[in-house]
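Chemist: This is protein.cif, which holds mmCIF, C-alpha atoms:
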data_work
loop_
_atom_site.label_atom_id
_atom_site.label_comp_id
_atom_site.auth_asym_id
_atom_site.auth_seq_id
_atom_site.Cartn_x
_atom_site.Cartn_y
_atom_site.Cartn_z
CA MET A 1 -29.59 -8.15 29.86
CA ARG A 2 -29.30 -10.85 27.22
CA LEU A 3 -29.57 -9.87 23.59
CA PRO A 4 -32.30 -11.50 21.48
CA ARG A 5 -31.19 -14.58 19.61
CA TRP A 6 -31.97 -13.14 16.20
CA PHE A 7 -29.84 -10.09 16.98
CA ARG A 8 -26.90 -12.23 18.09
CA LEU A 9 -27.17 -14.30 14.91
CA LEU A 10 -27.22 -11.14 12.86
CA LEU A 11 -24.07 -9.89 14.57
CA LEU A 12 -22.32 -13.23 14.05
CA ALA A 13 -23.24 -13.18 10.37
CA GLY A 14 -21.98 -9.62 9.94
CA ILE A 15 -18.62 -10.13 11.62
CA PRO A 16 -17.06 -12.26 8.82
CA VAL A 17 -18.24 -9.78 6.20
CA ALA A 18 -16.75 -6.83 8.13
CA VAL A 19 -13.48 -8.72 8.79
CA LEU A 20 -13.07 -9.60 5.12
CA GLY A 21 -13.79 -6.01 4.16
CA MET A 22 -11.17 -4.68 6.56
CA ILE A 23 -8.59 -7.20 5.37
CA GLY A 24 -9.36 -6.16 1.80
CA LEU A 25 -8.80 -2.49 2.68
CA GLY A 26 -5.50 -3.41 4.36
CA VAL A 27 -4.34 -5.31 1.28
CA TRP A 28 -5.39 -2.37 -0.91
CA GLN A 29 -3.25 -0.02 1.19
CA LEU A 30 -0.27 -2.37 0.80
CA THR A 31 -0.85 -2.29 -2.96
CA ARG A 32 -0.89 1.51 -2.86
CA LEU A 33 2.37 1.39 -0.89
CA GLN A 34 4.05 -0.72 -3.57
CA GLU A 35 2.76 1.63 -6.29
CA ARG A 36 4.09 4.65 -4.42
CA ARG A 37 7.50 3.05 -3.93
CA ALA A 38 7.64 2.20 -7.64
CA LEU A 39 6.73 5.80 -8.53
CA ASN A 40 9.38 7.17 -6.15
CA ALA A 41 11.99 4.90 -7.72
CA GLU A 42 10.99 6.13 -11.19
CA ILE A 43 11.21 9.77 -10.08
CA LEU A 44 14.69 9.22 -8.63
CA HIS A 45 15.71 7.48 -11.86
CA GLN A 46 14.52 10.48 -13.88
CA LEU A 47 16.22 13.00 -11.60
CA ALA A 48 19.52 11.14 -12.02
CA LYS A 49 19.47 11.47 -15.81
CA PRO A 50 21.64 14.03 -17.63
CA ARG A 51 20.15 17.49 -17.92
CA LEU A 52 18.08 17.96 -21.08
CA GLU A 53 18.62 21.01 -23.27
CA LEU A 54 15.15 22.22 -24.16
CA GLY A 55 15.07 23.57 -27.69
CA ASP A 56 12.57 23.33 -30.51
CA ALA A 57 10.86 20.29 -28.95
CA THR A 58 7.22 20.99 -29.73
CA LEU A 59 6.16 17.41 -29.04
CA LEU A 60 7.16 16.09 -25.64
CA ASP A 61 6.23 12.74 -24.16
CA ALA A 62 4.97 13.62 -20.67
CA THR A 63 5.20 10.04 -19.43
CA ARG A 64 8.81 9.73 -20.60
CA LEU A 65 10.20 13.11 -19.60
CA GLU A 66 8.43 14.10 -16.39
CA TYR A 67 10.90 14.91 -13.57
CA ARG A 68 13.75 15.09 -16.08
CA PRO A 69 16.29 17.85 -15.25
CA VAL A 70 16.18 20.50 -17.95
CA VAL A 71 17.80 23.76 -18.99
CA ALA A 72 16.02 26.25 -21.26
CA ARG A 73 17.14 29.50 -22.85
CA GLY A 74 14.71 32.19 -23.84
CA VAL A 75 12.95 35.45 -23.02
CA TYR A 76 10.18 35.77 -20.43
CA ASP A 77 6.86 37.16 -21.65
CA PHE A 78 5.48 38.85 -18.55
CA SER A 79 2.42 40.11 -20.43
CA GLN A 80 1.09 36.52 -20.44
CA GLU A 81 2.04 35.68 -16.85
CA ILE A 82 -0.44 33.89 -14.56
CA VAL A 83 -0.47 32.80 -10.93
CA LEU A 84 -1.42 29.56 -9.20
CA ARG A 85 -3.70 30.04 -6.21
CA ASN A 86 -3.43 28.59 -2.70
CA ARG A 87 0.31 28.02 -2.54
CA ALA A 88 2.12 28.27 0.78
CA TYR A 89 5.72 28.77 1.82
CA GLU A 90 6.55 27.94 5.44
CA GLN A 91 2.81 28.16 6.20
CA ALA A 92 2.54 31.68 4.73
CA PRO A 93 -0.24 32.01 2.12
CA GLY A 94 0.68 33.07 -1.36
CA VAL A 95 0.72 32.17 -5.05
CA HIS A 96 3.16 30.71 -7.54
CA VAL A 97 4.14 32.89 -10.47
CA VAL A 98 4.05 31.14 -13.85
CA THR A 99 5.58 32.94 -16.83
CA PRO A 100 5.90 31.81 -20.47
CA LEU A 101 9.49 31.53 -21.63
CA LYS A 102 9.73 32.12 -25.38
CA LEU A 103 12.46 29.72 -26.43
CA ILE A 104 15.40 31.02 -28.42
CA GLY A 105 15.42 29.57 -31.93
CA SER A 106 11.83 28.37 -31.66
CA GLU A 107 8.34 29.69 -32.24
CA ALA A 108 7.15 27.89 -29.10
CA ALA A 109 7.29 28.78 -25.44
CA VAL A 110 7.29 26.80 -22.21
CA LEU A 111 5.53 27.76 -19.00
CA VAL A 112 7.93 28.25 -16.09
CA ASP A 113 6.83 28.05 -12.47
CA ARG A 114 9.15 30.72 -11.09
CA GLY A 115 8.12 30.17 -7.48
CA TRP A 116 6.24 31.63 -4.53
CA ILE A 117 5.35 35.22 -3.67
CA PRO A 118 3.12 36.44 -0.82
CA TYR A 119 -0.62 36.65 -1.42
CA GLN A 120 -0.65 40.44 -0.96
CA ALA A 121 1.81 40.76 -3.85
CA SER A 122 -0.18 38.62 -6.30
CA SER A 123 -1.93 41.38 -8.24
CA LEU A 124 -0.84 42.26 -11.76
CA SER A 125 0.64 45.59 -10.72
CA ALA A 126 2.43 44.25 -7.63
CA ARG A 127 4.01 41.37 -9.56
CA ALA A 128 5.91 43.81 -11.75
CA ALA A 129 8.42 44.14 -8.91
CA TYR A 130 9.43 40.50 -9.42
CA GLN A 131 10.06 40.63 -13.14
CA THR A 132 13.58 39.89 -14.27
CA PRO A 133 15.47 42.39 -16.45
CA PRO A 134 14.53 42.20 -20.15
CA GLY A 135 16.56 39.94 -22.38
CA ALA A 136 17.55 36.32 -22.65
CA VAL A 137 17.73 34.18 -19.53
CA VAL A 138 18.82 30.63 -18.74
CA VAL A 139 16.51 28.65 -16.46
CA GLU A 140 17.17 25.29 -14.83
CA GLY A 141 14.67 22.95 -13.21
CA ILE A 142 12.66 19.83 -13.88
CA LEU A 143 9.94 19.08 -16.40
CA ARG A 144 6.45 18.47 -15.05
CA ALA A 145 3.35 17.15 -16.79
CA SER A 146 0.28 19.32 -17.29
CA GLN A 147 -2.02 19.31 -14.27
CA SER A 148 -5.74 18.61 -14.01
CA ARG A 149 -8.18 18.64 -11.12
CA PRO A 150 -7.56 15.30 -9.34
CA TYR A 151 -10.91 15.09 -7.52
CA THR A 152 -14.33 16.46 -8.42
CA PHE A 153 -14.83 18.03 -4.99
CA LEU A 154 -11.77 20.30 -5.43
CA PRO A 155 -12.15 23.78 -6.96
CA ALA A 156 -12.14 24.01 -10.74
CA ASP A 157 -10.87 26.70 -13.08
CA HIS A 158 -13.27 28.40 -15.45
CA THR A 159 -12.79 27.13 -18.98
CA ALA A 160 -10.73 29.66 -20.89
CA ASP A 161 -11.51 30.41 -24.52
CA PRO A 162 -10.47 33.13 -26.96
CA GLY A 163 -13.77 34.99 -26.43
CA SER A 164 -13.73 35.03 -22.63
CA PRO A 165 -11.82 37.43 -20.36
CA ARG A 166 -8.25 36.46 -19.66
CA LEU A 167 -7.90 34.30 -16.53
CA ASP A 168 -5.04 35.50 -14.33
CA ALA A 169 -5.36 33.23 -11.25
CA TRP A 170 -5.59 29.45 -11.66
CA TYR A 171 -5.98 26.50 -9.32
CA TRP A 172 -4.31 23.97 -11.66
CA LEU A 173 -1.60 24.42 -14.24
CA ASN A 174 -3.45 22.81 -17.13
CA VAL A 175 -1.28 23.67 -20.13
CA ASN A 176 -4.03 22.95 -22.66
CA GLN A 177 -6.39 25.35 -20.91
CA VAL A 178 -3.76 28.06 -20.51
CA GLN A 179 -2.92 27.68 -24.21
CA LEU A 180 -6.38 29.00 -25.12
CA GLN A 181 -5.41 32.46 -23.91
CA ILE A 182 -1.80 32.48 -25.16
CA PRO A 183 -1.22 33.73 -28.75
CA TYR A 184 1.72 31.39 -29.49
CA PRO A 185 2.23 27.62 -29.07
CA LEU A 186 3.16 26.21 -25.67
CA LEU A 187 5.04 23.00 -25.02
CA PRO A 188 2.72 20.44 -23.39
CA MET A 189 4.77 20.39 -20.17
CA PHE A 190 6.02 23.08 -17.81
CA ILE A 191 9.24 23.72 -15.88
CA GLU A 192 9.53 23.94 -12.11
CA LEU A 193 12.60 25.96 -11.28
CA ALA A 194 15.43 24.50 -9.25
CA PRO A 195 15.78 25.86 -5.68
CA THR A 196 16.71 29.53 -5.48
CA GLU A 197 17.81 31.88 -2.72
CA PRO A 198 14.95 32.11 -0.18
CA SER A 199 15.86 35.75 0.45
CA ARG A 200 14.75 36.75 -3.06
CA LEU A 201 11.25 36.61 -4.48
CA PRO A 202 9.87 34.63 -6.17
CA ILE A 203 11.16 31.74 -4.07
CA GLY A 204 11.72 28.91 -6.52
CA GLY A 205 12.41 25.28 -5.92
CA TYR A 206 10.45 22.11 -6.45
CA VAL A 207 9.60 20.05 -3.38
CA LEU A 208 9.09 16.34 -4.05
CA ASP A 209 7.56 14.04 -1.44
CA LEU A 210 9.44 10.77 -1.89
CA SER A 211 8.30 9.21 1.37
CA ASP A 212 6.22 6.04 1.64
CA GLY A 213 3.23 8.11 2.69
CA PRO A 214 0.61 6.87 5.17
CA HIS A 215 -0.23 3.62 3.37
CA LEU A 216 1.67 1.25 5.69
CA SER A 217 0.16 2.76 8.84
CA TYR A 218 -3.31 2.63 7.27
CA ALA A 219 -2.80 -1.05 6.37
CA ILE A 220 -1.73 -1.86 9.94
CA GLN A 221 -4.81 -0.06 11.26
CA TRP A 222 -7.19 -2.03 9.03
CA PHE A 223 -5.56 -5.35 9.97
CA ALA A 224 -5.72 -4.35 13.65
CA PHE A 225 -9.43 -3.51 13.34
CA ALA A 226 -10.03 -6.92 11.73
CA ALA A 227 -8.13 -8.67 14.54
CA ILE A 228 -10.09 -6.78 17.20
CA LEU A 229 -13.36 -7.71 15.52
CA VAL A 230 -12.39 -11.40 15.65
CA ILE A 231 -10.80 -11.49 19.10
CA GLY A 232 -13.29 -9.18 20.80
CA PRO A 233 -16.39 -11.40 20.46
CA LEU A 234 -14.34 -14.48 21.38
CA ALA A 235 -13.04 -12.74 24.50
CA TYR A 236 -16.63 -11.96 25.45
CA TRP A 237 -18.14 -15.31 24.47
CA TYR A 238 -15.61 -17.64 26.16
CA PRO A 239 -16.06 -16.36 29.77
CA GLN A 240 -19.83 -16.37 29.26
CA ARG A 241 -19.71 -19.98 28.11
CA ARG A 242 -17.52 -21.02 31.08
CA LYS A 243 -19.94 -19.27 33.44
CA ARG A 244 -22.92 -21.14 31.99
CA GLN A 245 -21.05 -24.45 32.33
CA VAL A 246 -20.33 -23.76 36.02
CA GLU A 247 -23.93 -22.89 36.65
#
Please render this file's structure as structure tokens.
Modeler:
Amino acid sequence: MRLPRWFRLLLLAGIPVAVLGMIGLGVWQLTRLQERRALNAEILHQLAKPRLELGDATLLDATRLEYRPVVARGVYDFSQEIVLRNRAYEQAPGVHVVTPLKLIGSEAAVLVDRGWIPYQASSLSARAAYQTPPGAVVVEGILRASQSRPYTFLPADHTADPGSPRLDAWYWLNVNQVQLQIPYPLLPMFIELAPTEPSRLPIGGYVLDLSDGPHLSYAIQWFAFAAILVIGPLAYWYPQRRKRQVE
């Protein structure tokens, strides 16, 4: 059955548009790959810097100090502790425990992501078992910038304000939002603890994905689709044309 002429013309007109679109998507993925590699290089550069002693630094430049190794000395305030929802450890569901550390010699505090505990231990009463002894502690880790919801389709936290009930479980560690329910100033960044013993809870330790990600494979796929869309019709058309010439 031979396709109508107008339909064949429509297909021929659409092929260049589709091919150009696929090539554009492939180039975009290569651009994303270069951006990711540049970000990974910057992260490694930050991680290699000398450890920063966090003191009375109430104004921190998030773009300059993120991923910087840091040590902080202070006292945990467990009364203002929160948890981050939907965190997993070796595929086990749980939460991350985030506790303000009131810095010694400063009126400010910094939020510390102390690590993962099982979901069944995430209630206020159950978390008391994972509190450190009272008194000053020294924590080591890396500085991270305040988080926000990256995509509108992801769950959002209720906006906290002084008149609303305290929010204990959060999806994103947005320091500005958490500040609204904390009675003392917080530094605008938070600390992710360095790896700790996995046999003790909370299980601390930042995990950084410094791979190239899927961008190269996606680019190859888009270029392959474009090639198929060009070669496929030619592979069909050429034998048909030879057949008509023989006839």
Chemist: Could you tell me which residues the PyMOL selection byres ((chain A and resi 22) around 8) grabs in this file, written as a list in words?
Modeler: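 Checking the PyMOL selection byres ((chain A and resi 22) around 8) against this file, the residues are Ala18, Val19, Leu20, Gly21, Ile23, Gly24, Leu25, Gly26, Trp222, Phe223, Phe225 and Ala226 of chain A.
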Chemist: Quick one: residues within 7 Å of A:Val110, all atoms listed in the file, excluding same-chain residues fewer than 4 positions away - as a PDB file with C-alpha atoms, in the frame of the given file?
Modeler:
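Listed below is the output, out-v8.pdb:
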ATOM      1  CA  PRO A 100       5.900  31.810 -20.470  1.00  0.00           C
ATOM      2  CA  LEU A 101       9.490  31.530 -21.630  1.00  0.00           C
ATOM      3  CA  LYS A 102       9.730  32.120 -25.380  1.00  0.00           C
ATOM      4  CA  LEU A 186       3.160  26.210 -25.670  1.00  0.00           C
ATOM      5  CA  LEU A 187       5.040  23.000 -25.020  1.00  0.00           C
ATOM      6  CA  PHE A 190       6.020  23.080 -17.810  1.00  0.00           C
TER       7      PHE A 190
END
Chemist: Provide the atom CA of A:Gly14 to atom CA of A:Gln29 distance in Å, to one decimal place.
Modeler: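 Between atom CA of A:Gly14 and atom CA of A:Gln29 the gap works out to 22.8 Å.
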Chemist: Since I can't run it myself right now, could you work out what the PyMOL selection byres ((chain A and resi 139) around 12) selects here and report it as a ChimeraX atom specification?
Modeler: /A:51-54,69-76,99-103,110-114,132,136-138,140-143,190-196,204-205
Chemist: Quick check, in Å to one decimal: how far apart do atom CA of A:Ala169 and atom CA of A:Glu90 lie?
Modeler: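 That distance, rounded to one decimal, is 21.2 Å.
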Chemist: Pick the closest to A:Ile182 from A:Ile43, A:Trp116, A:Gln80, A:Leu229: which is it, counting only C-alpha atoms?
Modeler: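 Of the candidates, the smallest distance to A:Ile182 is held by A:Gln80.
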Chemist: Hey, can you check how far atom CA of A:Ser79 sits from atom CA of A:Asp168?
Modeler: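 One can read the atom CA of A:Ser79 to atom CA of A:Asp168 distance as 10.7 Å.
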Chemist: I'd like the neighbourhood of stretch 145-156 of chain A as a PDB file with C-alpha atoms, in the coordinates of the input, where a residue qualifies if any of its atoms comes within 8 Å (using all atoms listed in the file), though same-chain residues fewer than 3 positions away should be ignored.
Modeler:
ATOM      1  CA  ALA A  62       4.970  13.620 -20.670  1.00  0.00           C
ATOM      2  CA  THR A  63       5.200  10.040 -19.430  1.00  0.00           C
ATOM      3  CA  GLU A  66       8.430  14.100 -16.390  1.00  0.00           C
ATOM      4  CA  TYR A 171      -5.980  26.500  -9.320  1.00  0.00           C
ATOM      5  CA  TRP A 172      -4.310  23.970 -11.660  1.00  0.00           C
ATOM      6  CA  LEU A 173      -1.600  24.420 -14.240  1.00  0.00           C
ATOM      7  CA  ASN A 174      -3.450  22.810 -17.130  1.00  0.00           C
ATOM      8  CA  VAL A 175      -1.280  23.670 -20.130  1.00  0.00           C
ATOM      9  CA  ASN A 176      -4.030  22.950 -22.660  1.00  0.00           C
ATOM     10  CA  PRO A 188       2.720  20.440 -23.390  1.00  0.00           C
ATOM     11  CA  MET A 189       4.770  20.390 -20.170  1.00  0.00           C
ATOM     12  CA  PHE A 190       6.020  23.080 -17.810  1.00  0.00           C
TER      13      PHE A 190
END
Chemist: Measuring between all atoms listed in the file, which one of A:Asp157, A:Arg68, A:Leu216, A:Ile117 shows the shortest distance to A:Pro198?
Modeler: A:Ile117
Chemist: Hey, what comes out of the PyMOL selection byres ((chain A and resi 130) around 10) on this file? Could you write it as a list of chain:residue names?
Modeler: A:Val97, A:Arg114, A:Ile117, A:Ala121, A:Ala126, A:Arg127, A:Ala128, A:Ala129, A:Gln131, A:Thr132, A:Pro133, A:Arg200, A:Leu201, A:Pro202
Chemist: From the set A:Leu33, A:Ile15, A:Gln91, A:Pro183, which residue has the shortest atom-to-atom contact distance to A:Asp77, counting all atoms listed in the file?
Modeler: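 Residue with the minimum atom-to-atom distance to A:Asp77: A:Pro183.
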Chemist: With distances taken over only C-alpha atoms, which of A:Ala227, A:Leu39, A:Leu167, A:Leu30 is nearest to A:Leu84?
Modeler: A:Leu167
Chemist: List as a CSV table (one decimal) with C-alpha atoms, in the coordinates of the input: which residues have an atom within 7 Å of (3.7, 32.1, -32.6), counting only C-alpha atoms?
Modeler:
chain,number,residue,atom,x,y,z
A,107,GLU,CA,8.3,29.7,-32.2
A,108,ALA,CA,7.2,27.9,-29.1
A,183,PRO,CA,-1.2,33.7,-28.8
A,184,TYR,CA,1.7,31.4,-29.5
A,185,PRO,CA,2.2,27.6,-29.1
